[in-house]
$ cat run_23.txt   # compact mmCIF, N, CA and C atoms
# COMPACT_ATOMS: atom_id res chain seq x y z
N MET A 1 30.94 24.61 -5.91
CA MET A 1 31.59 25.91 -5.85
C MET A 1 31.77 26.30 -4.38
N PRO A 2 32.96 26.81 -4.02
CA PRO A 2 33.20 27.18 -2.62
C PRO A 2 32.34 28.38 -2.21
N GLU A 3 32.07 28.45 -0.90
CA GLU A 3 31.27 29.55 -0.36
C GLU A 3 32.02 30.87 -0.50
N MET A 4 31.30 31.91 -0.95
CA MET A 4 31.90 33.24 -1.09
C MET A 4 31.77 33.98 0.24
N ARG A 5 32.90 34.41 0.78
CA ARG A 5 32.91 35.21 2.01
C ARG A 5 33.36 36.61 1.68
N PRO A 6 32.79 37.60 2.35
CA PRO A 6 33.26 38.97 2.10
C PRO A 6 34.71 39.13 2.55
N LEU A 7 35.44 39.90 1.80
CA LEU A 7 36.83 40.19 2.18
C LEU A 7 36.85 41.11 3.38
N GLU A 8 37.78 40.86 4.26
CA GLU A 8 37.98 41.77 5.40
C GLU A 8 39.19 42.63 5.09
N LEU A 9 38.92 43.86 4.66
CA LEU A 9 40.00 44.78 4.32
C LEU A 9 40.59 45.38 5.58
N ARG A 10 41.90 45.45 5.62
CA ARG A 10 42.58 46.08 6.75
C ARG A 10 43.06 47.46 6.32
N LEU A 11 42.75 48.45 7.14
CA LEU A 11 43.21 49.81 6.87
C LEU A 11 44.46 50.08 7.70
N PRO A 12 45.53 50.53 7.05
CA PRO A 12 46.73 50.86 7.82
C PRO A 12 46.44 51.95 8.84
N ALA A 13 47.09 51.89 9.99
CA ALA A 13 46.88 52.88 11.05
C ALA A 13 47.23 54.29 10.58
N ASP A 14 48.18 54.42 9.66
CA ASP A 14 48.62 55.74 9.20
C ASP A 14 47.93 56.19 7.90
N LEU A 15 46.86 55.52 7.51
CA LEU A 15 46.14 55.87 6.29
C LEU A 15 45.55 57.28 6.43
N GLN A 16 45.80 58.12 5.44
CA GLN A 16 45.31 59.50 5.45
C GLN A 16 44.22 59.64 4.39
N ALA A 17 43.06 60.14 4.78
CA ALA A 17 42.00 60.44 3.82
C ALA A 17 42.41 61.67 3.02
N GLN A 18 41.98 61.73 1.77
CA GLN A 18 42.31 62.85 0.90
C GLN A 18 41.04 63.46 0.34
N PHE A 19 40.98 64.79 0.31
CA PHE A 19 39.88 65.49 -0.34
C PHE A 19 40.11 65.44 -1.84
N ILE A 20 39.13 64.96 -2.57
CA ILE A 20 39.23 64.85 -4.02
C ILE A 20 37.97 65.45 -4.62
N ASN A 21 38.11 66.31 -5.60
CA ASN A 21 36.94 66.84 -6.29
C ASN A 21 37.09 66.80 -7.81
N MET A 22 38.09 66.06 -8.28
CA MET A 22 38.30 65.94 -9.72
C MET A 22 38.94 64.60 -10.02
N VAL A 23 38.46 63.98 -11.07
CA VAL A 23 39.10 62.77 -11.57
C VAL A 23 39.23 62.90 -13.08
N ARG A 24 40.41 62.61 -13.58
CA ARG A 24 40.64 62.57 -15.02
C ARG A 24 40.70 61.11 -15.41
N ILE A 25 39.90 60.72 -16.37
CA ILE A 25 39.83 59.31 -16.77
C ILE A 25 40.33 59.19 -18.20
N SER A 26 41.26 58.28 -18.39
CA SER A 26 41.76 57.99 -19.73
C SER A 26 41.81 56.47 -19.89
N HIS A 27 42.02 56.04 -21.10
CA HIS A 27 42.06 54.59 -21.32
C HIS A 27 42.92 54.23 -22.52
N THR A 28 43.36 52.98 -22.50
CA THR A 28 44.02 52.33 -23.61
C THR A 28 43.12 51.13 -23.95
N PRO A 29 43.47 50.34 -24.94
CA PRO A 29 42.64 49.17 -25.19
C PRO A 29 42.59 48.19 -24.01
N GLY A 30 43.58 48.19 -23.14
CA GLY A 30 43.63 47.20 -22.08
C GLY A 30 43.42 47.69 -20.66
N GLU A 31 43.33 49.03 -20.46
CA GLU A 31 43.20 49.51 -19.09
C GLU A 31 42.58 50.90 -19.05
N PHE A 32 41.99 51.21 -17.90
CA PHE A 32 41.50 52.54 -17.61
C PHE A 32 42.40 53.13 -16.53
N VAL A 33 42.70 54.41 -16.65
CA VAL A 33 43.53 55.11 -15.68
C VAL A 33 42.70 56.25 -15.09
N LEU A 34 42.58 56.25 -13.77
CA LEU A 34 41.85 57.29 -13.05
C LEU A 34 42.86 58.07 -12.22
N ASP A 35 43.04 59.34 -12.54
CA ASP A 35 43.93 60.24 -11.80
C ASP A 35 43.07 61.17 -10.94
N PHE A 36 43.25 61.11 -9.63
CA PHE A 36 42.46 61.89 -8.68
C PHE A 36 43.26 63.09 -8.19
N ALA A 37 42.58 64.24 -8.09
CA ALA A 37 43.24 65.46 -7.62
C ALA A 37 42.21 66.34 -6.93
N ALA A 38 42.71 67.33 -6.21
CA ALA A 38 41.86 68.35 -5.61
C ALA A 38 42.16 69.67 -6.31
N ILE A 39 41.12 70.26 -6.86
CA ILE A 39 41.25 71.58 -7.50
C ILE A 39 40.75 72.60 -6.48
N LEU A 40 41.63 73.51 -6.10
CA LEU A 40 41.31 74.50 -5.08
C LEU A 40 41.59 75.90 -5.60
N PRO A 41 40.88 76.90 -5.09
CA PRO A 41 41.15 78.27 -5.51
C PRO A 41 42.60 78.65 -5.25
N GLY A 42 43.19 79.34 -6.20
CA GLY A 42 44.57 79.81 -6.04
C GLY A 42 45.62 78.77 -6.40
N VAL A 43 45.21 77.56 -6.73
CA VAL A 43 46.16 76.52 -7.12
C VAL A 43 46.07 76.36 -8.63
N SER A 44 47.10 76.80 -9.33
CA SER A 44 47.05 76.78 -10.79
C SER A 44 47.48 75.45 -11.38
N ASP A 45 48.19 74.65 -10.61
CA ASP A 45 48.65 73.36 -11.13
C ASP A 45 48.40 72.25 -10.11
N PRO A 46 47.14 71.77 -10.02
CA PRO A 46 46.82 70.74 -9.04
C PRO A 46 47.63 69.48 -9.29
N GLN A 47 48.01 68.81 -8.23
CA GLN A 47 48.83 67.62 -8.32
C GLN A 47 47.96 66.38 -8.14
N VAL A 48 48.20 65.37 -8.98
CA VAL A 48 47.50 64.10 -8.84
C VAL A 48 47.96 63.47 -7.53
N SER A 49 46.99 63.11 -6.68
CA SER A 49 47.33 62.51 -5.40
C SER A 49 47.18 61.00 -5.40
N SER A 50 46.39 60.47 -6.32
CA SER A 50 46.23 59.02 -6.44
C SER A 50 45.99 58.66 -7.89
N ARG A 51 46.56 57.54 -8.31
CA ARG A 51 46.31 57.00 -9.65
C ARG A 51 45.84 55.57 -9.47
N ILE A 52 44.71 55.26 -10.09
CA ILE A 52 44.16 53.92 -10.04
C ILE A 52 44.14 53.39 -11.47
N VAL A 53 44.66 52.18 -11.66
CA VAL A 53 44.66 51.55 -12.98
C VAL A 53 43.78 50.31 -12.88
N LEU A 54 42.80 50.22 -13.77
CA LEU A 54 41.84 49.12 -13.76
C LEU A 54 41.71 48.49 -15.13
N SER A 55 41.41 47.21 -15.14
CA SER A 55 41.05 46.55 -16.39
C SER A 55 39.65 47.03 -16.77
N PRO A 56 39.25 46.87 -18.03
CA PRO A 56 37.88 47.24 -18.38
C PRO A 56 36.84 46.51 -17.52
N LEU A 57 37.07 45.24 -17.22
CA LEU A 57 36.15 44.50 -16.35
C LEU A 57 36.15 45.09 -14.94
N GLY A 58 37.32 45.43 -14.43
CA GLY A 58 37.42 46.04 -13.10
C GLY A 58 36.66 47.35 -13.02
N LEU A 59 36.76 48.17 -14.08
CA LEU A 59 36.04 49.44 -14.10
C LEU A 59 34.53 49.20 -14.15
N LYS A 60 34.10 48.23 -14.94
CA LYS A 60 32.67 47.92 -15.04
C LYS A 60 32.13 47.45 -13.70
N LEU A 61 32.90 46.61 -12.99
CA LEU A 61 32.48 46.15 -11.67
C LEU A 61 32.45 47.30 -10.67
N MET A 62 33.42 48.21 -10.75
CA MET A 62 33.43 49.38 -9.88
C MET A 62 32.22 50.24 -10.17
N GLN A 63 31.89 50.44 -11.43
CA GLN A 63 30.72 51.23 -11.80
C GLN A 63 29.45 50.63 -11.20
N GLN A 64 29.31 49.32 -11.28
CA GLN A 64 28.14 48.66 -10.70
C GLN A 64 28.09 48.86 -9.18
N ALA A 65 29.23 48.74 -8.52
CA ALA A 65 29.29 48.93 -7.06
C ALA A 65 28.95 50.37 -6.68
N ILE A 66 29.47 51.33 -7.43
CA ILE A 66 29.17 52.74 -7.15
C ILE A 66 27.68 53.01 -7.37
N ASN A 67 27.12 52.51 -8.47
CA ASN A 67 25.69 52.72 -8.74
C ASN A 67 24.83 52.12 -7.63
N GLU A 68 25.17 50.93 -7.16
CA GLU A 68 24.41 50.29 -6.10
C GLU A 68 24.52 51.09 -4.80
N ASN A 69 25.70 51.55 -4.46
CA ASN A 69 25.88 52.33 -3.24
C ASN A 69 25.17 53.68 -3.33
N LEU A 70 25.19 54.31 -4.49
CA LEU A 70 24.47 55.57 -4.66
C LEU A 70 22.97 55.35 -4.54
N ARG A 71 22.47 54.25 -5.09
CA ARG A 71 21.05 53.92 -4.97
C ARG A 71 20.66 53.77 -3.50
N ARG A 72 21.47 53.06 -2.72
CA ARG A 72 21.19 52.88 -1.29
C ARG A 72 21.26 54.22 -0.55
N TYR A 73 22.25 55.03 -0.87
CA TYR A 73 22.39 56.34 -0.24
C TYR A 73 21.15 57.18 -0.47
N GLU A 74 20.72 57.26 -1.74
CA GLU A 74 19.56 58.08 -2.08
C GLU A 74 18.28 57.54 -1.45
N ALA A 75 18.19 56.23 -1.29
CA ALA A 75 17.03 55.64 -0.63
C ALA A 75 16.98 56.08 0.84
N SER A 76 18.12 56.26 1.45
CA SER A 76 18.18 56.66 2.86
C SER A 76 18.13 58.17 3.07
N PHE A 77 18.80 58.93 2.20
CA PHE A 77 19.01 60.36 2.45
C PHE A 77 18.40 61.27 1.40
N GLY A 78 17.80 60.74 0.38
CA GLY A 78 17.20 61.56 -0.67
C GLY A 78 18.10 61.66 -1.89
N GLU A 79 17.50 62.12 -2.96
CA GLU A 79 18.19 62.21 -4.24
C GLU A 79 19.35 63.20 -4.18
N VAL A 80 20.46 62.82 -4.78
CA VAL A 80 21.58 63.72 -4.98
C VAL A 80 21.31 64.42 -6.31
N ARG A 81 21.09 65.71 -6.24
CA ARG A 81 20.73 66.46 -7.44
C ARG A 81 21.95 67.15 -8.03
N LEU A 82 22.06 67.05 -9.32
CA LEU A 82 23.11 67.77 -10.02
C LEU A 82 22.66 69.20 -10.25
N PRO A 83 23.54 70.17 -10.03
CA PRO A 83 23.14 71.56 -10.27
C PRO A 83 22.94 71.81 -11.76
N HIS A 84 21.98 72.67 -12.07
CA HIS A 84 21.72 73.05 -13.46
C HIS A 84 22.39 74.39 -13.72
N ASN A 85 23.05 74.50 -14.86
CA ASN A 85 23.74 75.75 -15.23
C ASN A 85 24.71 76.19 -14.15
N HIS A 86 25.37 75.23 -13.54
CA HIS A 86 26.31 75.51 -12.46
C HIS A 86 27.45 74.50 -12.58
N THR A 87 28.66 74.98 -12.46
CA THR A 87 29.81 74.09 -12.57
C THR A 87 30.69 74.22 -11.34
N LEU A 88 31.59 73.29 -11.17
CA LEU A 88 32.56 73.37 -10.09
C LEU A 88 33.37 74.66 -10.22
N ALA A 89 33.66 75.06 -11.45
CA ALA A 89 34.42 76.30 -11.66
C ALA A 89 33.68 77.50 -11.09
N ASP A 90 32.34 77.48 -11.13
CA ASP A 90 31.57 78.58 -10.54
C ASP A 90 31.91 78.74 -9.06
N ASP A 91 32.00 77.61 -8.36
CA ASP A 91 32.30 77.66 -6.93
C ASP A 91 33.75 78.02 -6.65
N LEU A 92 34.64 77.54 -7.49
CA LEU A 92 36.06 77.70 -7.20
C LEU A 92 36.62 79.03 -7.67
N PHE A 93 36.13 79.57 -8.77
CA PHE A 93 36.83 80.68 -9.39
C PHE A 93 36.01 81.95 -9.55
N LYS A 94 34.73 81.95 -9.17
CA LYS A 94 33.97 83.19 -9.29
C LYS A 94 34.36 84.12 -8.15
N PRO A 95 34.28 85.41 -8.38
CA PRO A 95 34.62 86.36 -7.32
C PRO A 95 33.66 86.20 -6.14
N ARG A 96 34.19 86.39 -4.96
CA ARG A 96 33.37 86.28 -3.75
C ARG A 96 33.00 87.67 -3.25
N GLY A 97 31.80 87.79 -2.73
CA GLY A 97 31.39 89.05 -2.13
C GLY A 97 31.22 90.16 -3.15
N ASN A 98 31.16 91.38 -2.68
CA ASN A 98 30.98 92.54 -3.53
C ASN A 98 32.31 92.91 -4.18
N GLN A 99 32.38 92.77 -5.47
CA GLN A 99 33.62 93.06 -6.19
C GLN A 99 33.61 94.46 -6.82
N ASN A 100 32.52 95.21 -6.62
CA ASN A 100 32.44 96.57 -7.16
C ASN A 100 33.12 97.53 -6.19
N PRO A 101 33.82 98.54 -6.73
CA PRO A 101 34.44 99.52 -5.83
C PRO A 101 33.35 100.32 -5.11
N PRO A 102 33.64 100.76 -3.90
CA PRO A 102 32.64 101.53 -3.16
C PRO A 102 32.33 102.83 -3.89
N GLU A 103 31.07 103.22 -3.79
CA GLU A 103 30.65 104.47 -4.44
C GLU A 103 30.93 105.66 -3.52
N GLY A 104 31.25 106.77 -4.13
CA GLY A 104 31.44 108.01 -3.39
C GLY A 104 30.09 108.66 -3.11
N PRO A 105 30.10 109.83 -2.44
CA PRO A 105 28.85 110.51 -2.08
C PRO A 105 28.03 110.91 -3.30
N ASP A 106 28.69 111.10 -4.45
CA ASP A 106 27.96 111.49 -5.64
C ASP A 106 27.50 110.32 -6.49
N GLY A 107 27.67 109.08 -5.94
CA GLY A 107 27.26 107.89 -6.66
C GLY A 107 28.30 107.38 -7.64
N GLN A 108 29.45 108.02 -7.70
CA GLN A 108 30.52 107.59 -8.61
C GLN A 108 31.48 106.67 -7.87
N ALA A 109 32.07 105.77 -8.63
CA ALA A 109 33.06 104.86 -8.04
C ALA A 109 34.36 105.57 -7.83
$ encode --input "run_23.txt" --output "C-alpha cells"
Amino acid sequence: MPEMRPLELRLPADLQAQFINMVRISHTPGEFVLDFAAILPGVSDPQVSSRIVLSPLGLKLMQQAINENLRRYEASFGEVRLPHNHTLADDLFKPRGNQNPPEGPDGQA
C-alpha cells in the first residue's frame, strides 16, 4: 500500500471567511445537504451563504473529524458547555436593556 501523505490545501488569496451561526441539514437516500447561514437581529429572511453536499460516508468522516478536533480543543482550553434553558433565539431576539417606560414622579408609567 502506498504511503499516505497529508493533503496540502491551498487557500485562494481572495478567500473570505463567513460568520455562520446556523446550519440546516437535510438528506436524501444518497446525500446529505448542509445549508449554512447567519441569523442576525433584524434580518427576517437569512440567506444561505454556503451549501455543502456530502455522501453519507463523507458526512460520517466529517463527524469523526469534528469530534476529534473538539476533543483536542477541550483538552487544551476546557469543556465547551451548552447553555441550559437558553437558545440562540434568546440572544438574537430578546429585548435589550430596560424595555419598561420610565416612571413618573407618582410611580406611574
$ closest_residue --input "run_23.txt" --among "A:Asn69, A:Ser55, A:Gln64, A:Ser76" --to "Pro29 of chain A" --atoms "all atoms listed in the file"
A:Ser55
$ residues_around --input "run_23.txt" --residues "segment 9-22 of chain A" --least-positions-apart "2" --cutoff "6.5 Å" --atoms "only N, CA and C atoms" --output "JSON, numbers by chain"
{"A": [7, 24, 35, 36, 37, 38, 39]}
$ atom_distance --input "run_23.txt" --atom1 "atom CA of His27 of chain A" --atom2 "atom CA of Leu54 of chain A"
9.3 Å
$ residues_around --input "run_23.txt" --residues "Val53 of chain A" --least-positions-apart "2" --cutoff "8 Å" --atoms "all atoms listed in the file" --output "PyMOL selection string"
chain A and resi 31-35+50-51+55-56+58-59
$ atom_distance --input "run_23.txt" --atom1 "atom N of Val48 of chain A" --atom2 "atom C of Ala89 of chain A"
19.0 Å
$ closest_residue --input "run_23.txt" --among "A:Phe93, A:His86, A:Thr28, A:Arg71" --to "Leu40 of chain A" --atoms "all atoms listed in the file"
A:Phe93
$ decode --input "run_23.txt" --residues "segment 52-86 of chain A" --atoms "N, CA and C atoms" --output "JSON list (two decimals), in the first residue's frame"
[["chain", "number", "residue", "atom", "x", "y", "z"],
["A", 52, "ILE", "N", -23.15, 22.67, 1.26],
["A", 52, "ILE", "CA", -22.22, 21.56, 1.16],
["A", 52, "ILE", "C", -23.05, 20.29, 0.95],
["A", 53, "VAL", "N", -22.68, 19.50, -0.05],
["A", 53, "VAL", "CA", -23.36, 18.24, -0.33],
["A", 53, "VAL", "C", -22.36, 17.12, -0.09],
["A", 54, "LEU", "N", -22.74, 16.17, 0.76],
["A", 54, "LEU", "CA", -21.86, 15.07, 1.13],
["A", 54, "LEU", "C", -22.55, 13.73, 0.97],
["A", 55, "SER", "N", -21.77, 12.72, 0.67],
["A", 55, "SER", "CA", -22.29, 11.36, 0.71],
["A", 55, "SER", "C", -22.47, 10.97, 2.18],
["A", 56, "PRO", "N", -23.27, 9.95, 2.47],
["A", 56, "PRO", "CA", -23.37, 9.51, 3.86],
["A", 56, "PRO", "C", -21.99, 9.17, 4.47],
["A", 57, "LEU", "N", -21.12, 8.54, 3.70],
["A", 57, "LEU", "CA", -19.78, 8.23, 4.19],
["A", 57, "LEU", "C", -19.00, 9.53, 4.45],
["A", 58, "GLY", "N", -19.10, 10.48, 3.54],
["A", 58, "GLY", "CA", -18.42, 11.77, 3.72],
["A", 58, "GLY", "C", -18.87, 12.48, 4.98],
["A", 59, "LEU", "N", -20.18, 12.44, 5.26],
["A", 59, "LEU", "CA", -20.70, 13.07, 6.47],
["A", 59, "LEU", "C", -20.19, 12.35, 7.71],
["A", 60, "LYS", "N", -20.16, 11.03, 7.67],
["A", 60, "LYS", "CA", -19.67, 10.26, 8.82],
["A", 60, "LYS", "C", -18.20, 10.56, 9.09],
["A", 61, "LEU", "N", -17.40, 10.67, 8.03],
["A", 61, "LEU", "CA", -15.99, 11.02, 8.19],
["A", 61, "LEU", "C", -15.83, 12.44, 8.73],
["A", 62, "MET", "N", -16.66, 13.36, 8.26],
["A", 62, "MET", "CA", -16.63, 14.73, 8.77],
["A", 62, "MET", "C", -16.99, 14.74, 10.24],
["A", 63, "GLN", "N", -18.00, 13.99, 10.63],
["A", 63, "GLN", "CA", -18.41, 13.91, 12.03],
["A", 63, "GLN", "C", -17.25, 13.42, 12.89],
["A", 64, "GLN", "N", -16.56, 12.40, 12.44],
["A", 64, "GLN", "CA", -15.41, 11.89, 13.20],
["A", 64, "GLN", "C", -14.32, 12.94, 13.32],
["A", 65, "ALA", "N", -14.04, 13.67, 12.24],
["A", 65, "ALA", "CA", -13.01, 14.71, 12.27],
["A", 65, "ALA", "C", -13.42, 15.85, 13.21],
["A", 66, "ILE", "N", -14.68, 16.25, 13.17],
["A", 66, "ILE", "CA", -15.15, 17.31, 14.06],
["A", 66, "ILE", "C", -15.06, 16.85, 15.52],
["A", 67, "ASN", "N", -15.51, 15.63, 15.80],
["A", 67, "ASN", "CA", -15.44, 15.11, 17.18],
["A", 67, "ASN", "C", -14.00, 15.07, 17.68],
["A", 68, "GLU", "N", -13.06, 14.64, 16.84],
["A", 68, "GLU", "CA", -11.66, 14.58, 17.24],
["A", 68, "GLU", "C", -11.11, 15.98, 17.49],
["A", 69, "ASN", "N", -11.42, 16.93, 16.63],
["A", 69, "ASN", "CA", -10.94, 18.30, 16.82],
["A", 69, "ASN", "C", -11.56, 18.95, 18.05],
["A", 70, "LEU", "N", -12.82, 18.69, 18.32],
["A", 70, "LEU", "CA", -13.46, 19.23, 19.52],
["A", 70, "LEU", "C", -12.82, 18.62, 20.77],
["A", 71, "ARG", "N", -12.51, 17.33, 20.73],
["A", 71, "ARG", "CA", -11.85, 16.68, 21.86],
["A", 71, "ARG", "C", -10.50, 17.34, 22.13],
["A", 72, "ARG", "N", -9.72, 17.60, 21.09],
["A", 72, "ARG", "CA", -8.42, 18.27, 21.25],
["A", 72, "ARG", "C", -8.59, 19.69, 21.78],
["A", 73, "TYR", "N", -9.56, 20.41, 21.25],
["A", 73, "TYR", "CA", -9.83, 21.78, 21.71],
["A", 73, "TYR", "C", -10.14, 21.79, 23.19],
["A", 74, "GLU", "N", -11.06, 20.92, 23.62],
["A", 74, "GLU", "CA", -11.45, 20.89, 25.02],
["A", 74, "GLU", "C", -10.30, 20.45, 25.93],
["A", 75, "ALA", "N", -9.44, 19.58, 25.43],
["A", 75, "ALA", "CA", -8.27, 19.18, 26.21],
["A", 75, "ALA", "C", -7.34, 20.37, 26.44],
["A", 76, "SER", "N", -7.27, 21.28, 25.49],
["A", 76, "SER", "CA", -6.40, 22.45, 25.61],
["A", 76, "SER", "C", -7.06, 23.63, 26.32],
["A", 77, "PHE", "N", -8.34, 23.86, 26.06],
["A", 77, "PHE", "CA", -9.00, 25.10, 26.51],
["A", 77, "PHE", "C", -10.16, 24.89, 27.47],
["A", 78, "GLY", "N", -10.50, 23.67, 27.77],
["A", 78, "GLY", "CA", -11.62, 23.40, 28.67],
["A", 78, "GLY", "C", -12.88, 23.03, 27.92],
["A", 79, "GLU", "N", -13.80, 22.48, 28.67],
["A", 79, "GLU", "CA", -15.05, 22.00, 28.09],
["A", 79, "GLU", "C", -15.87, 23.13, 27.49],
["A", 80, "VAL", "N", -16.44, 22.87, 26.33],
["A", 80, "VAL", "CA", -17.41, 23.79, 25.72],
["A", 80, "VAL", "C", -18.76, 23.36, 26.28],
["A", 81, "ARG", "N", -19.36, 24.24, 27.05],
["A", 81, "ARG", "CA", -20.62, 23.90, 27.71],
["A", 81, "ARG", "C", -21.80, 24.45, 26.93],
["A", 82, "LEU", "N", -22.79, 23.62, 26.79],
["A", 82, "LEU", "CA", -24.03, 24.06, 26.16],
["A", 82, "LEU", "C", -24.88, 24.77, 27.21],
["A", 83, "PRO", "N", -25.48, 25.89, 26.85],
["A", 83, "PRO", "CA", -26.33, 26.60, 27.82],
["A", 83, "PRO", "C", -27.58, 25.78, 28.12],
["A", 84, "HIS", "N", -28.03, 25.86, 29.36],
["A", 84, "HIS", "CA", -29.27, 25.19, 29.77],
["A", 84, "HIS", "C", -30.39, 26.21, 29.76],
["A", 85, "ASN", "N", -31.53, 25.81, 29.23],
["A", 85, "ASN", "CA", -32.70, 26.70, 29.16],
["A", 85, "ASN", "C", -32.37, 28.02, 28.48],
["A", 86, "HIS", "N", -31.54, 27.94, 27.46],
["A", 86, "HIS", "CA", -31.10, 29.14, 26.74],
["A", 86, "HIS", "C", -30.95, 28.75, 25.27]]
